[in-house]
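Structure first, commentary second.
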Amino acid sequence: MLKKWLVGLTGFDFNLETLQAASSDASFRRYFRVEAADGQKTYVVMDAPPEKEDVRPFVQVADLLRRGGSNAPEVLAENSEEGFLLLQDFGNTTMLQGLNAQPEAKDAFYMQALHDLVHLQSSTSTAGLPVYGADKLLQEMNLFDEWYVGRHFGAEMTDQERNWLDSIKGMLIQSALAEPQVFVHRDYHSRNLMLISEPDAAPQFGILDFQDAVKGPLSYDLVSILRDAYIEWPETQTLDWTVRYWEAARKAGLPICEDPGEFYRQFDFMGLQRHLKILGIFARLNYRDGKAQYLNDLPMVLRYVRLVAGRYIAFKPLLLLLDRLENKAVKVGYTF
C-alpha cells in the first residue's frame with residue numbers, strides 16, 4: 001500500500017528498491033527512508049496506521065512551527081486516510097548521538113537547543129492546539145499509579161499513600177497552571193532534535209515528534225531537554241543552562257517569572273509531573289507494548305524524581321512510597 005502511494009505521487013520519482021526502515025518510536029508510527037531515482041536526494045516516509053494514529057496533528061503542528069520560523073520538516077505529500085506522509089529528511093544523527101560522539105561540544109549543543117526553544121516559544125502560534133489542562137496533567141500522572149506502582153512492582157498503595165500522592169499531584173497541577181502558557185512541544189529532547197549541521201560547523205537542529213503539541217506551561221519543554229530521560233547532567237550544569245535559558249527568555253520578551261529562584265522551583269515541580277508520567281509510560285511500553293528497552297531508562301528518570309522529591313518537604317511522602325516499593329530501609333536523621 002505504501003509503495004503504491006509513493007508510485008502514484010505526482011512530481012516525485014523514487015527508487016523503491018532503496019526503501020528501508022529508518023526508525024520507529026514509542027507510538028505505532030513507523031518511518032522509512034527512500035532515495036530519489038537519480039540518487040541525489042532522500043526522503044522520509046511516515047506510516048501511521050489510521051486506526052491507531054492520526055497524521056493530521058503532525059501536519060498541523062509542522063505548519064505552525066514552520067510559519068514561526070522553526071526548523072520542522074516540510075510535509076511534501078500527505079494521505080491522511082491511509083496514514084502516509086512524505087517528509088523532508090533531516091538525516092540519521094540525533095542530538096544524543098552527536099553528544100555521545102562530541103562530548104566536548106555539549107555547551108554549544110545545548111545553547112543552540114535552548115536558543116531554538118526560546119524562538120519556538122516566542123514565535124509559534126498556539127492557534128488550534130489543545131490546552132494542557134488539569135485533567136490531562138492528572139491523567140498523565142495517574143499512569144505512575146497504574147503502570148509503575150501497580151504493574152511494575154505489583155503493589156497496591158495504602159489509603160494514606162494514595163491521599164498523600166493525590167495531594168502532591170494537586171500541587172504539581174496548580175504550579176503548572178499558574179505558569180505562563182505558551183507553545184509546548186511536549187517531547188523536546190535529545191532524541192527528537194536531529195543534528196543537521198556538518199561535523200565541524202556550529203550545531204544546527206531539525207525538530208521532530210511534535211504532533212502532541214499543546215498550549216501549556218512555559219517550563220515544560222525546558223525540563224524535557226535539561227532533565228532528558230536519555231542523558232543526564234550534573235545538577236550544577238543543569239542549573240547553569242537553566243539560568244542562561246532564563247536570561248534568553250527574558251531578552252526575547254517571554255512572560256517568564258522575574259525571580260530565577262522561583263522559576264527553578266517551577267522547573268522542579270514541572271519536572272516531577274513529567275517524570276511521574278514517564279515512569280508510568282516506560283513501564284506501560286514494556287508490559288503492554290512489549291518494548292522492553294524502555295526499562296533501561298527507568299533508573300535515570302527515578303533519580304530525577306528522587307532529586308526533586310528530596311528537595312521539598314511537601315514531597316517527602318513520595319520518597320517514602322518509593323522506598324517501600326524498592327524495599328529500602330528508611331534512614332532517620334536528627335537535626336538539633
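Identifiers for the C-alpha cells are assigned positionally: chains receive A, B, ... in sequence, residues are indexed from 1 per chain, and ligands are indexed from 1 in the order shown.
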
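The list of residues with at least one atom within 10 Å of range 171-175 of chain A, based on only C-alpha atoms and without residues fewer than 3 positions apart in the same chain, reads A:Gly133, A:Ala134, A:Asp135, A:Lys136, A:Leu137, A:Leu138, A:Met141, A:Leu165, A:Asp166, A:Ser167, A:Ile168, A:Ala178, A:Glu179, A:Pro217, A:Arg265, A:Gln266, A:Phe267, A:Asp268, A:Phe269, A:Met270, A:Gly271, A:Leu272, A:Gln273, A:Arg274, A:Ala314, A:Phe315.
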
**Asked** What residues in range 80-285 of chain A get the DSSP label strand (DSSP E or B)? Please answer as a ChimeraX atom specification.
**Response** /A:84-88,94,131,181-184,193-195,205-207,214-217

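Among the candidates A:Gly39, A:Gly128, A:Gly170, A:Gly83, the residue lying nearest to Trp5 in chain A is A:Gly83 (atoms considered: only C-alpha atoms).
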
**Request:** Show which residues sit within 12 Å of Ala108 in chain A, as number ranges by chain. Count only C-alpha atoms, and ignore same-chain residues fewer than 4 positions away.
**Result:** A: 95, 98-99, 102-104, 112-115, 200-205, 241

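Of note, CA of Ala22 in chain A and CA of Asp297 in chain A are spaced 22.0 Å apart.
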
**Prompt:** Neighbours of Asp187 in chain A within 8 Å (only C-alpha atoms; same-chain residues fewer than 6 positions away dropped), as a ChimeraX atom specification?
**Reply:** /A:209-210,221,224

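Note that DSSP on the backbone gives helix (DSSP H, G or I) to these residues of range 66-101 of chain A: A:Arg66, A:Arg67, A:Met95, A:Leu96, A:Gln97, A:Gly98, A:Leu99, A:Asn100, A:Ala101.
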
Go ahead and write the selection's residues with N, CA and C atoms as a compact mmCIF listing (two decimals), in the first residue's frame.
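Output file again.txt follows:
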```
# COMPACT_ATOMS: atom_id res chain seq x y z
N ARG A 66 6.79 25.85 11.20
CA ARG A 66 7.48 26.43 10.04
C ARG A 66 7.05 27.88 9.82
N ARG A 67 5.78 28.17 10.04
CA ARG A 67 5.32 29.56 9.92
C ARG A 67 6.01 30.46 10.96
N MET A 95 20.60 14.58 18.27
CA MET A 95 21.41 15.35 19.20
C MET A 95 22.11 14.43 20.18
N LEU A 96 21.42 13.39 20.65
CA LEU A 96 22.00 12.46 21.61
C LEU A 96 23.23 11.77 21.02
N GLN A 97 23.12 11.33 19.77
CA GLN A 97 24.26 10.69 19.12
C GLN A 97 25.41 11.68 18.94
N GLY A 98 25.05 12.92 18.61
CA GLY A 98 26.07 13.95 18.47
C GLY A 98 26.80 14.24 19.78
N LEU A 99 26.04 14.26 20.87
CA LEU A 99 26.63 14.48 22.20
C LEU A 99 27.57 13.33 22.57
N ASN A 100 27.15 12.11 22.26
CA ASN A 100 27.98 10.96 22.58
C ASN A 100 29.26 10.95 21.75
N ALA A 101 29.17 11.46 20.51
CA ALA A 101 30.34 11.49 19.63
C ALA A 101 31.24 12.68 19.93
```

**Asked** Contacts of Gln237 in chain A at 12 Å or less, counting only C-alpha atoms, minus same-chain residues fewer than 3 places along, as a VMD selection string?
**Response** chain A and resid 106 to 107 110 226 to 227 232 to 234 240 to 244

Please produce a file of those selected residues containing all heavy atoms, as a compact mmCIF listing (two decimals), in the first residue's frame.
```txt
# COMPACT_ATOMS: atom_id res chain seq x y z
N LYS A 106 29.30 19.83 24.20
CA LYS A 106 27.98 19.82 24.85
C LYS A 106 27.42 21.22 25.06
O LYS A 106 26.22 21.44 24.90
CB LYS A 106 28.04 19.06 26.17
CG LYS A 106 28.82 19.72 27.30
CD LYS A 106 28.76 18.88 28.56
CE LYS A 106 29.39 19.56 29.76
NZ LYS A 106 30.82 19.87 29.58
N ASP A 107 28.26 22.18 25.43
CA ASP A 107 27.74 23.52 25.69
C ASP A 107 27.20 24.15 24.41
O ASP A 107 26.14 24.78 24.42
CB ASP A 107 28.82 24.40 26.31
CG ASP A 107 28.22 25.55 27.11
OD1 ASP A 107 27.42 25.28 28.04
OD2 ASP A 107 28.52 26.72 26.80
N TYR A 110 23.81 22.47 23.63
CA TYR A 110 22.70 22.88 24.48
C TYR A 110 22.34 24.34 24.30
O TYR A 110 21.15 24.69 24.34
CB TYR A 110 22.97 22.54 25.95
CG TYR A 110 22.59 21.11 26.25
CD1 TYR A 110 23.52 20.08 26.10
CD2 TYR A 110 21.30 20.77 26.61
CE1 TYR A 110 23.16 18.76 26.32
CE2 TYR A 110 20.93 19.46 26.84
CZ TYR A 110 21.87 18.45 26.69
OH TYR A 110 21.50 17.14 26.90
N LEU A 226 16.54 19.49 29.51
CA LEU A 226 17.60 19.54 30.52
C LEU A 226 17.53 18.39 31.52
O LEU A 226 18.56 18.04 32.12
CB LEU A 226 17.57 20.88 31.26
CG LEU A 226 17.89 22.11 30.41
CD1 LEU A 226 18.01 23.35 31.29
CD2 LEU A 226 19.17 21.92 29.59
N ARG A 227 16.35 17.84 31.74
CA ARG A 227 16.24 16.60 32.53
C ARG A 227 15.68 15.51 31.62
O ARG A 227 14.65 14.91 31.86
CB ARG A 227 15.38 16.82 33.78
CG ARG A 227 16.08 17.68 34.82
CD ARG A 227 15.46 17.62 36.19
NE ARG A 227 16.21 18.47 37.11
CZ ARG A 227 15.66 19.25 38.04
NH1 ARG A 227 14.35 19.27 38.18
NH2 ARG A 227 16.41 19.99 38.81
N GLU A 232 21.92 12.37 31.13
CA GLU A 232 21.86 13.01 32.44
C GLU A 232 23.08 13.90 32.63
O GLU A 232 24.19 13.56 32.23
CB GLU A 232 21.86 11.90 33.51
CG GLU A 232 21.59 12.37 34.91
CD GLU A 232 21.49 11.18 35.86
OE1 GLU A 232 21.94 10.06 35.49
OE2 GLU A 232 20.96 11.36 36.97
N TRP A 233 22.85 15.05 33.28
CA TRP A 233 23.92 16.01 33.56
C TRP A 233 23.94 16.34 35.05
O TRP A 233 22.89 16.27 35.71
CB TRP A 233 23.72 17.28 32.74
CG TRP A 233 23.72 17.02 31.27
CD1 TRP A 233 22.64 16.94 30.45
CD2 TRP A 233 24.86 16.73 30.45
NE1 TRP A 233 23.01 16.64 29.16
CE2 TRP A 233 24.38 16.50 29.13
CE3 TRP A 233 26.23 16.66 30.69
CZ2 TRP A 233 25.22 16.22 28.07
CZ3 TRP A 233 27.08 16.36 29.63
CH2 TRP A 233 26.57 16.14 28.33
N PRO A 234 25.10 16.72 35.57
CA PRO A 234 25.16 17.14 36.98
C PRO A 234 24.22 18.31 37.23
O PRO A 234 23.97 19.14 36.34
CB PRO A 234 26.62 17.55 37.17
CG PRO A 234 27.38 16.86 36.09
CD PRO A 234 26.43 16.76 34.93
N ASP A 240 23.11 25.86 35.49
CA ASP A 240 23.76 26.86 34.62
C ASP A 240 22.97 27.06 33.33
O ASP A 240 22.70 28.19 32.91
CB ASP A 240 25.19 26.40 34.31
CG ASP A 240 25.89 27.33 33.33
OD1 ASP A 240 26.13 28.50 33.69
OD2 ASP A 240 26.17 26.90 32.19
N TRP A 241 22.60 25.96 32.69
CA TRP A 241 21.84 26.07 31.44
C TRP A 241 20.45 26.67 31.69
O TRP A 241 19.94 27.42 30.85
CB TRP A 241 21.71 24.70 30.78
CG TRP A 241 22.97 24.27 30.07
CD1 TRP A 241 23.89 25.06 29.46
CD2 TRP A 241 23.42 22.92 29.90
NE1 TRP A 241 24.90 24.29 28.92
CE2 TRP A 241 24.64 22.98 29.17
CE3 TRP A 241 22.93 21.68 30.28
CZ2 TRP A 241 25.36 21.83 28.81
CZ3 TRP A 241 23.64 20.53 29.93
CH2 TRP A 241 24.84 20.61 29.21
N THR A 242 19.85 26.35 32.81
CA THR A 242 18.54 26.92 33.14
C THR A 242 18.62 28.43 33.29
O THR A 242 17.76 29.17 32.78
CB THR A 242 17.98 26.29 34.43
OG1 THR A 242 17.88 24.88 34.27
CG2 THR A 242 16.61 26.84 34.76
N VAL A 243 19.65 28.91 33.96
CA VAL A 243 19.83 30.36 34.13
C VAL A 243 20.05 31.03 32.78
O VAL A 243 19.51 32.11 32.51
CB VAL A 243 20.99 30.66 35.10
CG1 VAL A 243 21.33 32.14 35.09
CG2 VAL A 243 20.64 30.20 36.51
N ARG A 244 20.83 30.40 31.93
CA ARG A 244 21.09 31.00 30.62
C ARG A 244 19.82 31.00 29.75
O ARG A 244 19.57 31.95 28.99
CB ARG A 244 22.24 30.27 29.93
CG ARG A 244 23.57 30.58 30.65
CD ARG A 244 24.75 30.36 29.75
NE ARG A 244 25.30 29.02 29.91
CZ ARG A 244 26.27 28.53 29.15
NH1 ARG A 244 26.77 29.25 28.15
NH2 ARG A 244 26.74 27.31 29.36
```

Which residues of range 213-289 of chain A have any atom within 7 Å of an atom in range 142-148 of chain A when counting only C-alpha atoms, and what is the closest pair of atoms for each, with the distance in Å to one decimal? Order the rows by chain and rising number and write it as a Markdown table.
```
| residue | atom | partner | partner_atom | distance |
| --- | --- | --- | --- | --- |
| A:Leu276 | CA | A:Phe144 | CA | 5.6 |
| A:Lys277 | CA | A:Phe144 | CA | 5.8 |
| A:Leu279 | CA | A:Phe144 | CA | 6.0 |
| A:Gly280 | CA | A:Phe144 | CA | 4.1 |
| A:Ile281 | CA | A:Leu143 | CA | 6.6 |
| A:Ala283 | CA | A:Trp147 | CA | 5.7 |
| A:Arg284 | CA | A:Trp147 | CA | 5.7 |
```

Applying 7 Å and only C-alpha atoms, which residues near Leu208 in chain A remain after dropping the ones on its own chain fewer than 4 positions away? List them as a short mmCIF file (atom, residue, chain, number, x, y, z; two decimals) with N, CA, C and O atoms, in the first residue's frame.
```cif
data_model
loop_
_atom_site.label_atom_id
_atom_site.label_comp_id
_atom_site.auth_asym_id
_atom_site.auth_seq_id
_atom_site.Cartn_x
_atom_site.Cartn_y
_atom_site.Cartn_z
N ALA A 72 11.14 22.68 11.43
CA ALA A 72 10.39 21.42 11.35
C ALA A 72 10.46 20.92 9.91
O ALA A 72 10.62 21.71 8.97
N ASN A 192 14.78 13.76 19.75
CA ASN A 192 13.85 14.37 18.80
C ASN A 192 14.41 15.62 18.14
O ASN A 192 13.73 16.27 17.36
N LEU A 193 15.66 15.95 18.46
CA LEU A 193 16.37 17.01 17.76
C LEU A 193 17.40 16.35 16.87
O LEU A 193 18.25 15.59 17.35
#
```

**8 Å contact set for Leu87 in chain A, only C-alpha atoms, chain neighbours under 4 positions out, as a ChimeraX atom specification** = /A:43-46,73-77

Write the residues you've just listed into a file as a compact mmCIF listing (two decimals), in the first residue's frame, and include C-alpha atoms for each of them.
```txt
# COMPACT_ATOMS: atom_id res chain seq x y z
CA TYR A 43 13.03 11.42 1.76
CA VAL A 44 11.42 10.13 4.92
CA VAL A 45 8.03 8.41 4.75
CA MET A 46 5.81 8.16 7.82
CA PRO A 73 10.42 19.11 8.31
CA GLU A 74 8.45 20.17 5.27
CA VAL A 75 5.44 17.95 4.59
CA LEU A 76 5.84 17.23 0.87
CA ALA A 77 2.80 14.97 0.41
```

**Message:** Which residue is closest to Phe90 in chain A? Choose from A:Phe183, A:Leu325, A:Arg33, A:Ala176 and count only C-alpha atoms.
**Reply:** A:Arg33

**Message:** When you count only C-alpha atoms, which of these residues is closest to Leu129 in chain A: A:Leu177, A:Leu322, A:Val214, A:Val61?
**Reply:** A:Val214

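Each of A:Asn296, A:Gln211, A:Ser123, A:Ser219 was checked against Asp54 in chain A using only C-alpha atoms; the smallest atom-to-atom distance is that of A:Gln211.
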